[in-house]
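Q: Sending over a structure as structure tokens; questions will come in a sec.
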Number of protein chains: 2
Amino acid sequence: MSPEPQTGSASRIAADLRAAIADGRFGPGAKLPTVRDLTEQYGVSRNTASKAIAQLAAEGLITTRYGSGAYVRETHQVRHVGPHRYARSRWAATTTEAHQDESNNGDTITRQGGQTQTVNRVPADERVAAALGVEVGAEVVERDRLMTSDDTPTHTMTSYYRPEDVDGTAIVDPRPGIAGRGGGYAILAERGLEPQRMVEDLFARMPTTEEAERLKLPPGEPVVEVHRITRTAEGRVVEYAEGVHAASRFVWSYPFDIPD
Amino acid sequence: MSPEPQTGSASRIAADLRAAIADGRFGPGAKLPTVRDLTEQYGVSRNTASKAIAQLAAEGLITTRYGSGAYVRETHQVRHVGPHRYARSRWAATTTEAHQDESNNGDTITRQGGQTQTVNRVPADERVAAALGVEVGAEVVERDRLMTSDDTPTHTMTSYYRPEDVDGTAIVDPRPGIAGRGGGYAILAERGLEPQRMVEDLFARMPTTEEAERLKLPPGEPVVEVHRITRTAEGRVVEYAEGVHAASRFVWSYPFDIPD
DNA sequence: TAGTGGTCTAGACCACTTC
DNA sequence: AAGTGGTCTAGACCACTAA
């Protein structure tokens with residue numbers, strides 16, 4: 001595929017608008033000319049003007065509101081996340097009341113301040129099995145959360161545990177927040193499975209349509225997938241988690257010493 | 001922007017093809033039906049069929065070759081990169097012949113096996129200044145590289161140094177490869193500026209059109225931007241680098257201990 | 001030269017927002 | 001009801017590829 005084999009009116013209009021946004025003629029939140037305006041101004045068909053707008057939307061520069069107009073995207077706050085977010089001091093103080101409410105188990109969906117959560121028993125897929133050191137298809141506990149900030153979803157986080165590690169603890173309590181902060185590490189620690197070491201793998205890609213819907217992603221927003229393995233000091237894996245993050249809301253930060 | 005306010009034929013065709021690719025009816029490298037084929041099969045206009053193809057291309061699932069057809073994207077090899085790539089053992093053995101060829105300085109572009117490089121003196125922008133601890137606008141040495149694997153670019157890496165740290169060393173030699181491996185850390189070490197500690201910041205976004213061109217990115221491929229600060233054991237910053245990576249070619253891996 | 005992807009026009013209808 | 005974005009058709013021309 002050659003890069004821009006034909007540069008037509010659409011790209012030209014897009015370029016003009018892009019420049020206008022870049023040098024502030026349209027600030028964040030500003031309304032762009034309507035498709036019909038552009039049609040007139042540039043003497044092109046509706047189709048072409050529409051394509052220019054769609055192009056900018058795909059780049060994540062603008063957002064279109066159906067029936068209303070196209071607007072320069074607001075720059076929202078970016079969260080800097082580093083190893084510190086897992087610090088012991090953050091979960092040492094967490095309440096850890098154990099719950100055994102078996103009747104309230106299963107795929108109940110619950111909601112509470114900032115996150116939605118489901119807890120389930122599912123067969124382990126390949127990645128999960130490899131990480132937790134169980135057979136493919138073996139039953140594991142899945143804790144699926146959708147994290148929200150200011151009413152907009154920021155990321156999903158799906159944790160997997162070996163059933164014997166978490167049964168009877170608050171982790172299998174579907175009510176969110178109970179085992180929410182620290183990913184329930186305090187609870188694991190109480191069971192003699194104190195987390196000590198982690199490995200995070202990250203990569204970026206475009207979202208699937210389902211993810212775009214769940215995270216309410218504007219077109220043109222990539223996601224960052226994070227795979228996290230948590231081990232005890234002895235090297236036993238106590239949690240495997242997969243997160244899907246709206247790319248524009250996070251910066252990951254990792255400090256490390258140069259190895260020998 | 002509502003998610004999929006109207007689901008028309010184009011999305012439907014795209015969904016069909018997506019499913020066909022997913023379950024292997026079209027394997028990697030396979031040629032998809034032509035736009036004109038789809039026009040007939042689905043009884044839609046060329047425009048609509050074309051849109052379906054463009055949609056899949058934007059998702060990064062397929063690649064279109066002008067005048068030839070649309071093909072399922074080959075899955076290329078993914079590089080797993082971790083702190084180990086900076087290991088001392090990797091640059092301890094590097095050749096470090098110093099070069100003083102002032103006449104060959106400036107923005108000469110040189111090429112050699114796997115990377116293209118330019119070395120320049122530029123005024124520090126805000127990020128560079130903050131990282132290196134110099135004034136904005138102060139002169140710094142910029143070493144800009146384009147890394148290639150199998151004739152396709154994988155990432156750019158732009159390093160910044162304080163002039164007094166690198167003048168007269170092979171780092172300012174525009175010929176690539178000389179100070180290539182290890183980012184010239186051996187050279188810094190010889191000057192008593194041995195790198196010891198790093199911080200990497202990562203985030204993903206869609207590429208600018210310039211980046212898409214330089215990295216030969218297919219539409220729908222995000223980039224991961226990496227900012228790296230390298231310090232000596234004493235905490236002195238010796239290098240600040242910014243990389244732009246084709247997202248689909250890398251997985252970053254970071255191990256760390258849970259902090260207190 | 002034939003086939004293919006990329007772009008465009010002109011006109012139409014629909015879905016949603018705003019008043 | 002008016003305005004706006006989203007989608008579609010039918011037909012056209014252009015740019016590139018491959019034989």
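In the structure tokens, each chain is lettered A, B, ... as it comes, each chain's residues begin at 1, and ligands are numbered from 1 in order of appearance.
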Quick one: contact table of chain A to chain D, 8 Å max, nearest atom pair and distance in Å to one decimal per residue, counting only C-alpha atoms (C1' of nucleotides), chain and number order, as a Markdown table?
A:
| residue | atom | partner | partner_atom | distance |
| --- | --- | --- | --- | --- |
| A:Pro5 | CA | D:DA15 | C1' | 7.1 |
| A:Gln6 | CA | D:DA15 | C1' | 7.2 |
| A:Thr34 | CA | D:DT4 | C1' | 7.3 |
| A:Val35 | CA | D:DG5 | C1' | 7.8 |
| A:Thr64 | CA | D:DG5 | C1' | 7.5 |
| A:Arg65 | CA | D:DG5 | C1' | 7.3 |
| A:Tyr66 | CA | D:DG5 | C1' | 5.1 |
| A:Gly67 | CA | D:DT4 | C1' | 4.3 |
| A:Ser68 | CA | D:DT4 | C1' | 5.3 |
| A:Gly69 | CA | D:DT4 | C1' | 6.1 |
Q: Check every residue of chain C for an atom within 8 Å of chain A, counting only C-alpha atoms (C1' of nucleotides), and provide those that qualify as a list in words.
A: DG6, DT7, DC8, DT9, DA10, DA15, DC16, DT17 and DT18 of chain C
Q: Would you save the residues of that selection, restricted to C-alpha atoms (C1' of nucleotides), as a CSV table (one decimal), in the first residue's frame?
A:
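Resulting contents of result.csv:
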chain,number,residue,atom,x,y,z
C,6,DG,C1',-9.0,5.4,-4.3
C,7,DT,C1',-11.6,9.3,-4.9
C,8,DC,C1',-15.3,12.3,-6.3
C,9,DT,C1',-20.1,14.2,-7.6
C,10,DA,C1',-25.1,14.8,-7.1
C,15,DA,C1',-31.3,9.1,12.9
C,16,DC,C1',-30.4,12.1,16.2
C,17,DT,C1',-30.1,16.8,18.5
C,18,DT,C1',-31.8,21.2,19.5
Q: If you count only C-alpha atoms (C1' of nucleotides), which residues fall within 8 Å of region 77-86 of chain B, apart from same-chain ones fewer than 2 positions away, as a list in words?
A: Phe256, Asp257, Ile258 and Pro259 of chain A; Thr75, Arg88, Arg90, Trp91, Gly182, Ser248, Arg249, Phe250, Val251, Trp252, Ser253 and Tyr254 of chain B
Q: For Leu61 (chain B), please output as an mmCIF file with N, CA, C and O atoms, in the first residue's frame all residues within 12 Å (counting only C-alpha atoms (C1' of nucleotides); exclusion window: fewer than 2 positions along the same chain).
A:
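Saved result, part_2.cif, follows:
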data_model
loop_
_atom_site.group_PDB
_atom_site.id
_atom_site.type_symbol
_atom_site.label_atom_id
_atom_site.label_comp_id
_atom_site.auth_asym_id
_atom_site.auth_seq_id
_atom_site.Cartn_x
_atom_site.Cartn_y
_atom_site.Cartn_z
ATOM 1 N N ARG A 205 -2.831 -1.610 20.540
ATOM 2 C CA ARG A 205 -3.513 -2.047 19.315
ATOM 3 C C ARG A 205 -4.808 -1.274 19.188
ATOM 4 O O ARG A 205 -5.211 -0.569 20.114
ATOM 5 N N MET A 206 -5.487 -1.442 18.074
ATOM 6 C CA MET A 206 -6.800 -0.833 17.943
ATOM 7 C C MET A 206 -7.810 -1.727 18.659
ATOM 8 O O MET A 206 -7.634 -2.936 18.741
ATOM 9 N N PRO A 207 -8.847 -1.135 19.205
ATOM 10 C CA PRO A 207 -9.826 -1.923 19.960
ATOM 11 C C PRO A 207 -10.710 -2.764 19.045
ATOM 12 O O PRO A 207 -10.888 -2.436 17.880
ATOM 13 N N THR A 208 -11.229 -3.852 19.589
ATOM 14 C CA THR A 208 -12.300 -4.550 18.896
ATOM 15 C C THR A 208 -13.559 -3.700 19.028
ATOM 16 O O THR A 208 -13.604 -2.775 19.838
ATOM 17 N N ALA B 14 -18.222 -5.625 6.338
ATOM 18 C CA ALA B 14 -16.976 -5.665 7.101
ATOM 19 C C ALA B 14 -17.047 -6.769 8.147
ATOM 20 O O ALA B 14 -16.093 -7.529 8.334
ATOM 21 N N ALA B 15 -18.179 -6.868 8.818
ATOM 22 C CA ALA B 15 -18.346 -7.880 9.866
ATOM 23 C C ALA B 15 -18.224 -9.281 9.281
ATOM 24 O O ALA B 15 -17.586 -10.164 9.863
ATOM 25 N N LEU B 17 -16.597 -10.203 6.596
ATOM 26 C CA LEU B 17 -15.205 -10.464 6.242
ATOM 27 C C LEU B 17 -14.362 -10.686 7.494
ATOM 28 O O LEU B 17 -13.500 -11.562 7.534
ATOM 29 N N ARG B 18 -14.646 -9.891 8.512
ATOM 30 C CA ARG B 18 -13.907 -10.014 9.767
ATOM 31 C C ARG B 18 -14.061 -11.428 10.321
ATOM 32 O O ARG B 18 -13.091 -12.069 10.737
ATOM 33 N N ALA B 19 -15.297 -11.903 10.291
ATOM 34 C CA ALA B 19 -15.575 -13.251 10.787
ATOM 35 C C ALA B 19 -14.838 -14.279 9.941
ATOM 36 O O ALA B 19 -14.246 -15.233 10.456
ATOM 37 N N ALA B 20 -14.867 -14.068 8.640
ATOM 38 C CA ALA B 20 -14.208 -15.010 7.732
ATOM 39 C C ALA B 20 -12.710 -15.065 7.995
ATOM 40 O O ALA B 20 -12.092 -16.130 7.924
ATOM 41 N N ILE B 21 -12.144 -13.916 8.308
ATOM 42 C CA ILE B 21 -10.713 -13.873 8.612
ATOM 43 C C ILE B 21 -10.452 -14.554 9.949
ATOM 44 O O ILE B 21 -9.525 -15.348 10.089
ATOM 45 N N ALA B 22 -11.332 -14.248 10.901
ATOM 46 C CA ALA B 22 -11.146 -14.780 12.261
ATOM 47 C C ALA B 22 -11.138 -16.302 12.271
ATOM 48 O O ALA B 22 -10.323 -16.921 12.945
ATOM 49 N N PHE B 26 -10.025 -16.883 5.429
ATOM 50 C CA PHE B 26 -8.955 -16.150 4.759
ATOM 51 C C PHE B 26 -7.749 -16.117 5.699
ATOM 52 O O PHE B 26 -7.810 -15.474 6.747
ATOM 53 N N GLY B 27 -6.726 -16.831 5.363
ATOM 54 C CA GLY B 27 -5.526 -16.870 6.199
ATOM 55 C C GLY B 27 -4.644 -15.659 5.956
ATOM 56 O O GLY B 27 -4.945 -14.843 5.086
ATOM 57 N N PRO B 28 -3.564 -15.557 6.719
ATOM 58 C CA PRO B 28 -2.618 -14.456 6.530
ATOM 59 C C PRO B 28 -2.101 -14.430 5.101
ATOM 60 O O PRO B 28 -1.706 -15.458 4.567
ATOM 61 N N GLY B 29 -2.156 -13.275 4.497
ATOM 62 C CA GLY B 29 -1.667 -13.131 3.137
ATOM 63 C C GLY B 29 -2.706 -13.414 2.072
ATOM 64 O O GLY B 29 -2.498 -13.115 0.900
ATOM 65 N N ALA B 30 -3.822 -13.992 2.461
ATOM 66 C CA ALA B 30 -4.861 -14.335 1.491
ATOM 67 C C ALA B 30 -5.472 -13.081 0.878
ATOM 68 O O ALA B 30 -5.558 -12.037 1.515
ATOM 69 N N LEU B 32 -8.507 -10.969 -0.445
ATOM 70 C CA LEU B 32 -9.945 -10.845 -0.206
ATOM 71 C C LEU B 32 -10.663 -10.614 -1.530
ATOM 72 O O LEU B 32 -10.040 -10.303 -2.537
ATOM 73 N N ALA B 52 -16.326 -0.738 3.329
ATOM 74 C CA ALA B 52 -16.152 -1.926 4.165
ATOM 75 C C ALA B 52 -14.682 -2.317 4.212
ATOM 76 O O ALA B 52 -14.119 -2.593 5.275
ATOM 77 N N ILE B 53 -14.068 -2.309 3.030
ATOM 78 C CA ILE B 53 -12.645 -2.647 2.956
ATOM 79 C C ILE B 53 -11.805 -1.630 3.727
ATOM 80 O O ILE B 53 -10.913 -1.999 4.501
ATOM 81 N N ALA B 54 -12.139 -0.368 3.557
ATOM 82 C CA ALA B 54 -11.382 0.691 4.240
ATOM 83 C C ALA B 54 -11.501 0.530 5.754
ATOM 84 O O ALA B 54 -10.553 0.779 6.500
ATOM 85 N N GLN B 55 -12.669 0.105 6.183
ATOM 86 C CA GLN B 55 -12.915 -0.088 7.617
ATOM 87 C C GLN B 55 -11.972 -1.144 8.192
ATOM 88 O O GLN B 55 -11.348 -0.931 9.229
ATOM 89 N N LEU B 56 -11.872 -2.260 7.494
ATOM 90 C CA LEU B 56 -11.001 -3.332 7.965
ATOM 91 C C LEU B 56 -9.539 -2.901 7.926
ATOM 92 O O LEU B 56 -8.751 -3.265 8.801
ATOM 93 N N ALA B 57 -9.206 -2.115 6.913
ATOM 94 C CA ALA B 57 -7.831 -1.632 6.823
ATOM 95 C C ALA B 57 -7.524 -0.732 8.015
ATOM 96 O O ALA B 57 -6.440 -0.785 8.592
ATOM 97 N N ALA B 58 -8.518 0.084 8.389
ATOM 98 C CA ALA B 58 -8.330 0.998 9.516
ATOM 99 C C ALA B 58 -8.173 0.240 10.825
ATOM 100 O O ALA B 58 -7.562 0.725 11.766
ATOM 101 N N GLU B 59 -8.730 -0.937 10.886
ATOM 102 C CA GLU B 59 -8.587 -1.750 12.088
ATOM 103 C C GLU B 59 -7.249 -2.484 12.094
ATOM 104 O O GLU B 59 -6.910 -3.147 13.057
ATOM 105 N N THR B 63 -4.502 -5.245 4.668
ATOM 106 C CA THR B 63 -3.733 -4.198 4.004
ATOM 107 C C THR B 63 -4.176 -4.178 2.552
ATOM 108 O O THR B 63 -4.387 -5.217 1.949
ATOM 109 N N THR B 64 -4.321 -2.990 2.003
ATOM 110 C CA THR B 64 -4.715 -2.913 0.602
ATOM 111 C C THR B 64 -3.500 -2.543 -0.233
ATOM 112 O O THR B 64 -2.711 -1.699 0.154
ATOM 113 N N ALA B 70 -6.923 -6.467 -1.829
ATOM 114 C CA ALA B 70 -6.835 -6.339 -0.378
ATOM 115 C C ALA B 70 -6.413 -7.689 0.188
ATOM 116 O O ALA B 70 -6.914 -8.729 -0.235
ATOM 117 N N TYR B 71 -5.497 -7.668 1.130
ATOM 118 C CA TYR B 71 -4.915 -8.902 1.634
ATOM 119 C C TYR B 71 -4.950 -8.950 3.154
ATOM 120 O O TYR B 71 -4.771 -7.913 3.808
ATOM 121 N N VAL B 72 -5.160 -10.130 3.681
ATOM 122 C CA VAL B 72 -5.113 -10.294 5.128
ATOM 123 C C VAL B 72 -3.685 -10.035 5.578
ATOM 124 O O VAL B 72 -2.742 -10.546 4.985
ATOM 125 N N ARG B 73 -3.572 -9.239 6.611
ATOM 126 C CA ARG B 73 -2.242 -8.833 7.043
ATOM 127 C C ARG B 73 -1.443 -9.998 7.584
ATOM 128 O O ARG B 73 -1.946 -10.798 8.359
ATOM 129 N N GLU B 74 -0.215 -10.071 7.155
ATOM 130 C CA GLU B 74 0.693 -11.087 7.685
ATOM 131 C C GLU B 74 0.972 -10.747 9.137
ATOM 132 O O GLU B 74 1.150 -9.590 9.482
ATOM 133 N N THR B 75 1.040 -11.756 9.944
ATOM 134 C CA THR B 75 1.424 -11.492 11.322
ATOM 135 C C THR B 75 2.938 -11.550 11.386
ATOM 136 O O THR B 75 3.532 -12.593 11.179
ATOM 137 N N PRO B 218 0.726 0.992 8.177
ATOM 138 C CA PRO B 218 -0.570 0.824 7.531
ATOM 139 C C PRO B 218 -1.599 1.630 8.309
ATOM 140 O O PRO B 218 -1.428 1.865 9.498
ATOM 141 N N PRO B 219 -2.659 2.055 7.642
ATOM 142 C CA PRO B 219 -3.691 2.799 8.366
ATOM 143 C C PRO B 219 -4.224 1.925 9.493
ATOM 144 O O PRO B 219 -4.348 0.716 9.345
ATOM 145 N N GLY B 220 -4.532 2.537 10.597
ATOM 146 C CA GLY B 220 -5.078 1.762 11.708
ATOM 147 C C GLY B 220 -4.025 1.197 12.621
ATOM 148 O O GLY B 220 -4.338 0.457 13.535
ATOM 149 N N GLU B 221 -2.775 1.528 12.382
ATOM 150 C CA GLU B 221 -1.738 1.064 13.301
ATOM 151 C C GLU B 221 -1.337 2.186 14.239
ATOM 152 O O GLU B 221 -0.884 3.230 13.799
ATOM 153 N N SER B 248 2.381 -2.676 16.625
ATOM 154 C CA SER B 248 2.152 -4.110 16.431
ATOM 155 C C SER B 248 3.436 -4.929 16.473
ATOM 156 O O SER B 248 3.394 -6.149 16.430
#
Q: Of the candidates B:Val224, B:Val244, B:Ile62, B:Val136, which one gets nearest to chain A if we count only C-alpha atoms?
A: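 Ranked by minimum distance to chain A, first place goes to B:Val224.
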Q: If you run DSSP on this backbone, which residues of region 136-177 of chain A come out as strand (DSSP E or B), and could you give them as a list in words?
A: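 So the strand (DSSP E or B) residues in region 136-177 of chain A would be Glu139, Val140, Val141, Glu142, Arg143, Asp144, Arg145, Leu146, Met147, Thr148, Ser149, Thr152, Pro153, Thr154, His155, Thr156, Met157, Thr158, Ser159, Tyr160 and Tyr161 of chain A.
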Q: Selection from above, C-alpha atoms, as a PDB file, in the first residue's frame, can you write it?
A:
ATOM      1  CA  GLU A 139     -11.725 -23.925  36.644  1.00  0.00           C
ATOM      2  CA  VAL A 140     -10.407 -20.565  37.788  1.00  0.00           C
ATOM      3  CA  VAL A 141     -11.949 -17.553  39.459  1.00  0.00           C
ATOM      4  CA  GLU A 142     -12.382 -14.595  37.156  1.00  0.00           C
ATOM      5  CA  ARG A 143     -12.923 -11.123  38.510  1.00  0.00           C
ATOM      6  CA  ASP A 144     -13.849  -8.711  35.773  1.00  0.00           C
ATOM      7  CA  ARG A 145     -13.942  -5.017  36.509  1.00  0.00           C
ATOM      8  CA  LEU A 146     -14.738  -1.904  34.529  1.00  0.00           C
ATOM      9  CA  MET A 147     -13.054   1.143  35.990  1.00  0.00           C
ATOM     10  CA  THR A 148     -14.599   4.534  35.578  1.00  0.00           C
ATOM     11  CA  SER A 149     -13.480   8.073  36.195  1.00  0.00           C
ATOM     12  CA  THR A 152     -16.438   7.670  31.598  1.00  0.00           C
ATOM     13  CA  PRO A 153     -14.806   4.263  31.492  1.00  0.00           C
ATOM     14  CA  THR A 154     -11.020   4.295  31.544  1.00  0.00           C
ATOM     15  CA  HIS A 155     -10.090   0.644  31.545  1.00  0.00           C
ATOM     16  CA  THR A 156     -11.131  -2.901  32.200  1.00  0.00           C
ATOM     17  CA  MET A 157      -9.202  -5.201  34.475  1.00  0.00           C
ATOM     18  CA  THR A 158      -9.790  -8.923  34.515  1.00  0.00           C
ATOM     19  CA  SER A 159      -8.042 -10.883  37.243  1.00  0.00           C
ATOM     20  CA  TYR A 160      -7.689 -14.638  37.469  1.00  0.00           C
ATOM     21  CA  TYR A 161      -7.021 -16.643  40.615  1.00  0.00           C
TER      22      TYR A 161
END
Q: So how many Å separate CA of Glu225 (chain B) and CA of Leu202 (chain A), to one decimal?
A: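 Taking CA of Glu225 (chain B) and CA of Leu202 (chain A), their separation equals 12.4 Å.
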